[in-house]
Amino acid sequence: MSHCEKIRTDVVICDEIFYFNDLEIDVPLGFDAPADSTLAGTVSVTLAECKVTIDEGGSFVLETLFIVQKELTLTTPTGEEFPLEFMERLVFDATFRKCNAAVLDLLGLSPEQLSCHVVYTNAFDEITLDTDADTFTEDLTIELKAMVIAEEQVFMQLCPPQNSVDIPVNLVE
């Protein structure tokens with residue numbers, strides 16, 4: 001006698017690493033920055049939305065929305081500090097290059113079962129201050145490893161027949 005149970009499991013259809021770049025040139029500081037000032041701080045990148053769609057050519061398309069929060073401080077040579085805060089939404093779309101929707105037919109899956117699974121997100125940011133123009137330039141690169149997954153219900157055999165035994169029960173009087 002074998003024991004089976006219907007479970008939900010994720011099937012990985014495709015995975016890939018994507019790089020998104022946002023270059024902002026000559027962002028105004030809003031005030032005069034003395035020569036030899038420095039600009040430092042923290043830039044936080046949060047993935048707010050990740051979806052997978054299929055385009056007309058049958059390719060998987062990753063649709064992302066990132067929230068970028070910048071908390072910077074401009075420090076003058078005399079030690080004065082000026083906090084600068086920025087927040088922006090960055091939207092990027094990218095096409096998976098290693099797979100396409102043809103695999104869905106082979107696996108018996110439908111596009112409605114697809115979702116995005118994020119393995120990790122990293123970001124690299126380089127900020128250059130221009131005190132002559134009272135601006136800064138920022139080069140932000142976001143690295144995202146994402147998977148196309150599909151939730152599927154399958155029957156799973158909990159114990160192979162050779163690992164189970166049926167024991168007769170006798171009624172003792």
# chains A, B, ... in the order shown; residues from 1 in each chain; ligands from 1
>>> residues_around(residues="segment 133-135 of chain A", least_positions_apart="6", cutoff="8 Å", atoms="only C-alpha atoms", output="list in words")
Asp26, Val27, Pro28, Leu29, Gly30, Phe31, Asp32 and Ala33 of chain A
>>> residues_around(residues="Ile127 of chain A", least_positions_apart="4", cutoff="12 Å", atoms="only C-alpha atoms", output="ChimeraX atom specification")
/A:22-27,38-43,70,72-74,135-141
>>> residues_around(residues="Ser59 of chain A", least_positions_apart="2", cutoff="12 Å", atoms="only C-alpha atoms", output="MDAnalysis selection string")
chainID A and resid 14 52:57 61:62 94:104 111 148
>>> write_last_selection(atoms="N, CA and C atoms", output="PDB file, in the first residue's frame")
ATOM      1  N   CYS A  14      13.054  29.162 -15.113  1.00  0.00           N
ATOM      2  CA  CYS A  14      14.231  29.852 -15.626  1.00  0.00           C
ATOM      3  C   CYS A  14      14.815  30.710 -14.519  1.00  0.00           C
ATOM      4  N   VAL A  52       6.369  38.673 -13.796  1.00  0.00           N
ATOM      5  CA  VAL A  52       6.820  38.018 -15.023  1.00  0.00           C
ATOM      6  C   VAL A  52       5.655  38.010 -15.996  1.00  0.00           C
ATOM      7  N   THR A  53       5.917  38.482 -17.210  1.00  0.00           N
ATOM      8  CA  THR A  53       4.919  38.430 -18.273  1.00  0.00           C
ATOM      9  C   THR A  53       5.559  37.747 -19.484  1.00  0.00           C
ATOM     10  N   ILE A  54       4.750  37.506 -20.494  1.00  0.00           N
ATOM     11  CA  ILE A  54       5.247  36.910 -21.728  1.00  0.00           C
ATOM     12  C   ILE A  54       4.965  37.896 -22.856  1.00  0.00           C
ATOM     13  N   ASP A  55       5.998  38.236 -23.641  1.00  0.00           N
ATOM     14  CA  ASP A  55       5.792  39.187 -24.729  1.00  0.00           C
ATOM     15  C   ASP A  55       5.287  38.466 -25.980  1.00  0.00           C
ATOM     16  N   GLU A  56       5.028  39.221 -27.034  1.00  0.00           N
ATOM     17  CA  GLU A  56       4.456  38.660 -28.271  1.00  0.00           C
ATOM     18  C   GLU A  56       5.362  37.619 -28.920  1.00  0.00           C
ATOM     19  N   GLY A  57       6.673  37.724 -28.683  1.00  0.00           N
ATOM     20  CA  GLY A  57       7.616  36.773 -29.256  1.00  0.00           C
ATOM     21  C   GLY A  57       7.792  35.507 -28.433  1.00  0.00           C
ATOM     22  N   VAL A  61       9.389  38.207 -19.723  1.00  0.00           N
ATOM     23  CA  VAL A  61       9.819  39.568 -19.441  1.00  0.00           C
ATOM     24  C   VAL A  61       9.676  39.813 -17.946  1.00  0.00           C
ATOM     25  N   LEU A  62      10.750  40.306 -17.347  1.00  0.00           N
ATOM     26  CA  LEU A  62      10.766  40.657 -15.936  1.00  0.00           C
ATOM     27  C   LEU A  62      10.414  42.134 -15.818  1.00  0.00           C
ATOM     28  N   ALA A  94      13.170  43.717 -18.316  1.00  0.00           N
ATOM     29  CA  ALA A  94      14.283  42.966 -18.906  1.00  0.00           C
ATOM     30  C   ALA A  94      13.749  41.639 -19.433  1.00  0.00           C
ATOM     31  N   THR A  95      14.355  41.182 -20.504  1.00  0.00           N
ATOM     32  CA  THR A  95      13.945  39.924 -21.124  1.00  0.00           C
ATOM     33  C   THR A  95      14.895  38.806 -20.714  1.00  0.00           C
ATOM     34  N   PHE A  96      14.323  37.684 -20.300  1.00  0.00           N
ATOM     35  CA  PHE A  96      15.144  36.513 -20.009  1.00  0.00           C
ATOM     36  C   PHE A  96      15.740  36.018 -21.322  1.00  0.00           C
ATOM     37  N   ARG A  97      17.047  35.782 -21.339  1.00  0.00           N
ATOM     38  CA  ARG A  97      17.723  35.359 -22.557  1.00  0.00           C
ATOM     39  C   ARG A  97      17.886  33.843 -22.646  1.00  0.00           C
ATOM     40  N   LYS A  98      17.835  33.152 -21.513  1.00  0.00           N
ATOM     41  CA  LYS A  98      18.156  31.727 -21.495  1.00  0.00           C
ATOM     42  C   LYS A  98      16.965  30.791 -21.658  1.00  0.00           C
ATOM     43  N   CYS A  99      15.762  31.321 -21.706  1.00  0.00           N
ATOM     44  CA  CYS A  99      14.584  30.461 -21.809  1.00  0.00           C
ATOM     45  C   CYS A  99      13.436  31.259 -22.417  1.00  0.00           C
ATOM     46  N   ASN A 100      12.380  30.547 -22.809  1.00  0.00           N
ATOM     47  CA  ASN A 100      11.199  31.229 -23.329  1.00  0.00           C
ATOM     48  C   ASN A 100       9.958  30.424 -22.978  1.00  0.00           C
ATOM     49  N   ALA A 101       8.810  30.946 -23.365  1.00  0.00           N
ATOM     50  CA  ALA A 101       7.529  30.374 -22.954  1.00  0.00           C
ATOM     51  C   ALA A 101       7.226  29.024 -23.596  1.00  0.00           C
ATOM     52  N   ALA A 102       7.997  28.606 -24.589  1.00  0.00           N
ATOM     53  CA  ALA A 102       7.760  27.302 -25.212  1.00  0.00           C
ATOM     54  C   ALA A 102       7.877  26.167 -24.195  1.00  0.00           C
ATOM     55  N   VAL A 103       8.652  26.376 -23.156  1.00  0.00           N
ATOM     56  CA  VAL A 103       8.840  25.344 -22.132  1.00  0.00           C
ATOM     57  C   VAL A 103       7.546  25.077 -21.354  1.00  0.00           C
ATOM     58  N   LEU A 104       6.631  26.041 -21.328  1.00  0.00           N
ATOM     59  CA  LEU A 104       5.382  25.848 -20.575  1.00  0.00           C
ATOM     60  C   LEU A 104       4.567  24.690 -21.138  1.00  0.00           C
ATOM     61  N   PRO A 111       0.512  30.265 -18.387  1.00  0.00           N
ATOM     62  CA  PRO A 111       1.099  31.553 -17.990  1.00  0.00           C
ATOM     63  C   PRO A 111       0.545  32.096 -16.668  1.00  0.00           C
ATOM     64  N   VAL A 148      11.892  32.628 -12.786  1.00  0.00           N
ATOM     65  CA  VAL A 148      10.503  32.435 -13.191  1.00  0.00           C
ATOM     66  C   VAL A 148      10.095  31.112 -12.566  1.00  0.00           C
TER      67      VAL A 148
END
>>> residues_around(residues="Ser37 of chain A", least_positions_apart="4", cutoff="10 Å", atoms="only C-alpha atoms", output="mmCIF file with C-alpha atoms, in the first residue's frame")
data_model
loop_
_atom_site.group_PDB
_atom_site.id
_atom_site.type_symbol
_atom_site.label_atom_id
_atom_site.label_comp_id
_atom_site.auth_asym_id
_atom_site.auth_seq_id
_atom_site.Cartn_x
_atom_site.Cartn_y
_atom_site.Cartn_z
ATOM 1 C CA ALA A 33 28.821 73.987 -1.925
ATOM 2 C CA LEU A 74 27.444 67.206 2.399
ATOM 3 C CA THR A 75 30.284 68.133 4.741
ATOM 4 C CA THR A 76 32.143 71.405 4.204
ATOM 5 C CA PRO A 77 35.867 71.840 4.931
ATOM 6 C CA THR A 78 34.895 73.682 8.141
ATOM 7 C CA GLY A 79 32.826 70.702 9.354
ATOM 8 C CA GLU A 80 29.358 72.078 8.620
ATOM 9 C CA GLU A 81 26.945 69.336 7.557
ATOM 10 C CA LEU A 129 30.477 65.863 -6.272
ATOM 11 C CA ASP A 130 31.092 68.941 -8.471
ATOM 12 C CA THR A 131 31.401 71.963 -6.157
#
>>> select_by_dssp(residues="chain A", states="strand (DSSP E)", output="PyMOL selection string")
chain A and resi 3-28+38-54+59-75+81-100+114-130+135-159
>>> residues_around(residues="Asp10 of chain A", least_positions_apart="3", cutoff="12 Å", atoms="only C-alpha atoms", output="PyMOL selection string")
chain A and resi 7+13-14+109+113-117+147-154
>>> write_last_selection(atoms="N, CA and C atoms", output="mmCIF file, in the first residue's frame")
data_model
loop_
_atom_site.group_PDB
_atom_site.id
_atom_site.type_symbol
_atom_site.label_atom_id
_atom_site.label_comp_id
_atom_site.auth_asym_id
_atom_site.auth_seq_id
_atom_site.Cartn_x
_atom_site.Cartn_y
_atom_site.Cartn_z
ATOM 1 N N ILE A 7 0.394 17.902 -2.910
ATOM 2 C CA ILE A 7 1.093 19.047 -2.332
ATOM 3 C C ILE A 7 1.281 20.126 -3.391
ATOM 4 N N ILE A 13 11.314 27.524 -13.705
ATOM 5 C CA ILE A 13 11.276 27.504 -15.165
ATOM 6 C C ILE A 13 12.563 28.087 -15.731
ATOM 7 N N CYS A 14 13.054 29.162 -15.113
ATOM 8 C CA CYS A 14 14.231 29.852 -15.626
ATOM 9 C C CYS A 14 14.815 30.710 -14.519
ATOM 10 N N LEU A 109 2.175 23.606 -18.153
ATOM 11 C CA LEU A 109 1.891 24.746 -17.284
ATOM 12 C C LEU A 109 1.246 25.867 -18.083
ATOM 13 N N GLN A 113 0.153 30.563 -14.006
ATOM 14 C CA GLN A 113 0.857 29.961 -12.881
ATOM 15 C C GLN A 113 2.204 30.632 -12.605
ATOM 16 N N LEU A 114 2.658 31.508 -13.478
ATOM 17 C CA LEU A 114 3.992 32.086 -13.366
ATOM 18 C C LEU A 114 4.065 33.186 -12.321
ATOM 19 N N SER A 115 5.205 33.253 -11.667
ATOM 20 C CA SER A 115 5.483 34.364 -10.766
ATOM 21 C C SER A 115 6.992 34.586 -10.716
ATOM 22 N N CYS A 116 7.346 35.704 -10.133
ATOM 23 C CA CYS A 116 8.750 36.087 -9.996
ATOM 24 C C CYS A 116 9.221 35.702 -8.596
ATOM 25 N N HIS A 117 10.376 35.097 -8.538
ATOM 26 C CA HIS A 117 11.003 34.797 -7.245
ATOM 27 C C HIS A 117 12.382 35.444 -7.253
ATOM 28 N N MET A 147 14.087 34.407 -10.625
ATOM 29 C CA MET A 147 13.639 33.155 -11.230
ATOM 30 C C MET A 147 12.198 33.296 -11.697
ATOM 31 N N VAL A 148 11.892 32.628 -12.786
ATOM 32 C CA VAL A 148 10.503 32.435 -13.191
ATOM 33 C C VAL A 148 10.095 31.112 -12.566
ATOM 34 N N ILE A 149 9.076 31.158 -11.721
ATOM 35 C CA ILE A 149 8.601 29.921 -11.101
ATOM 36 C C ILE A 149 7.114 29.745 -11.400
ATOM 37 N N ALA A 150 6.684 28.516 -11.272
ATOM 38 C CA ALA A 150 5.268 28.200 -11.439
ATOM 39 C C ALA A 150 4.860 27.305 -10.281
ATOM 40 N N GLU A 151 3.757 27.656 -9.651
ATOM 41 C CA GLU A 151 3.240 26.811 -8.585
ATOM 42 C C GLU A 151 2.454 25.681 -9.222
ATOM 43 N N GLU A 152 2.698 24.479 -8.758
ATOM 44 C CA GLU A 152 2.044 23.315 -9.335
ATOM 45 C C GLU A 152 1.608 22.382 -8.215
ATOM 46 N N GLN A 153 0.455 21.747 -8.416
ATOM 47 C CA GLN A 153 0.017 20.729 -7.474
ATOM 48 C C GLN A 153 0.435 19.378 -8.030
ATOM 49 N N VAL A 154 1.093 18.596 -7.193
ATOM 50 C CA VAL A 154 1.538 17.268 -7.614
ATOM 51 C C VAL A 154 1.175 16.264 -6.531
#
>>> closest_residue(among="A:Gly58, A:Cys50, A:Ser44, A:Glu126", to="Glu71 of chain A", atoms="only C-alpha atoms")
A:Ser44
>>> closest_residue(among="A:Phe82, A:Phe18, A:Phe124, A:Phe60", to="Ala146 of chain A", atoms="only C-alpha atoms")
A:Phe18
>>> residues_around(residues="Arg89 of chain A", least_positions_apart="2", cutoff="7 Å", atoms="only C-alpha atoms", output="PDB file with C-alpha atoms, in the first residue's frame")
ATOM      1  CA  LEU A  65       9.847  48.524  -9.569  1.00  0.00           C
ATOM      2  CA  PHE A  66      12.641  49.661  -7.252  1.00  0.00           C
ATOM      3  CA  ILE A  67      12.381  52.318  -4.538  1.00  0.00           C
ATOM      4  CA  VAL A  68      15.680  54.162  -4.093  1.00  0.00           C
ATOM      5  CA  VAL A  91      11.058  50.958 -13.292  1.00  0.00           C
TER       6      VAL A  91
END
>>> select_by_dssp(residues="segment 58-118 of chain A", states="helix (DSSP H, G or I)", output="list of chain:residue names")
A:Ala102, A:Val103, A:Leu104, A:Asp105, A:Leu106, A:Leu107, A:Pro111, A:Glu112, A:Gln113
>>> closest_residue(among="A:Glu63, A:Asp125, A:Glu85, A:Glu112", to="Leu47 of chain A", atoms="only C-alpha atoms")
A:Glu63
>>> closest_residue(among="A:Lys145, A:Glu16, A:Asn122, A:Thr64", to="Leu90 of chain A", atoms="only C-alpha atoms")
A:Thr64
>>> closest_residue(among="A:Ile142, A:Leu106, A:Val119, A:Leu84", to="Asp15 of chain A", atoms="only C-alpha atoms")
A:Val119
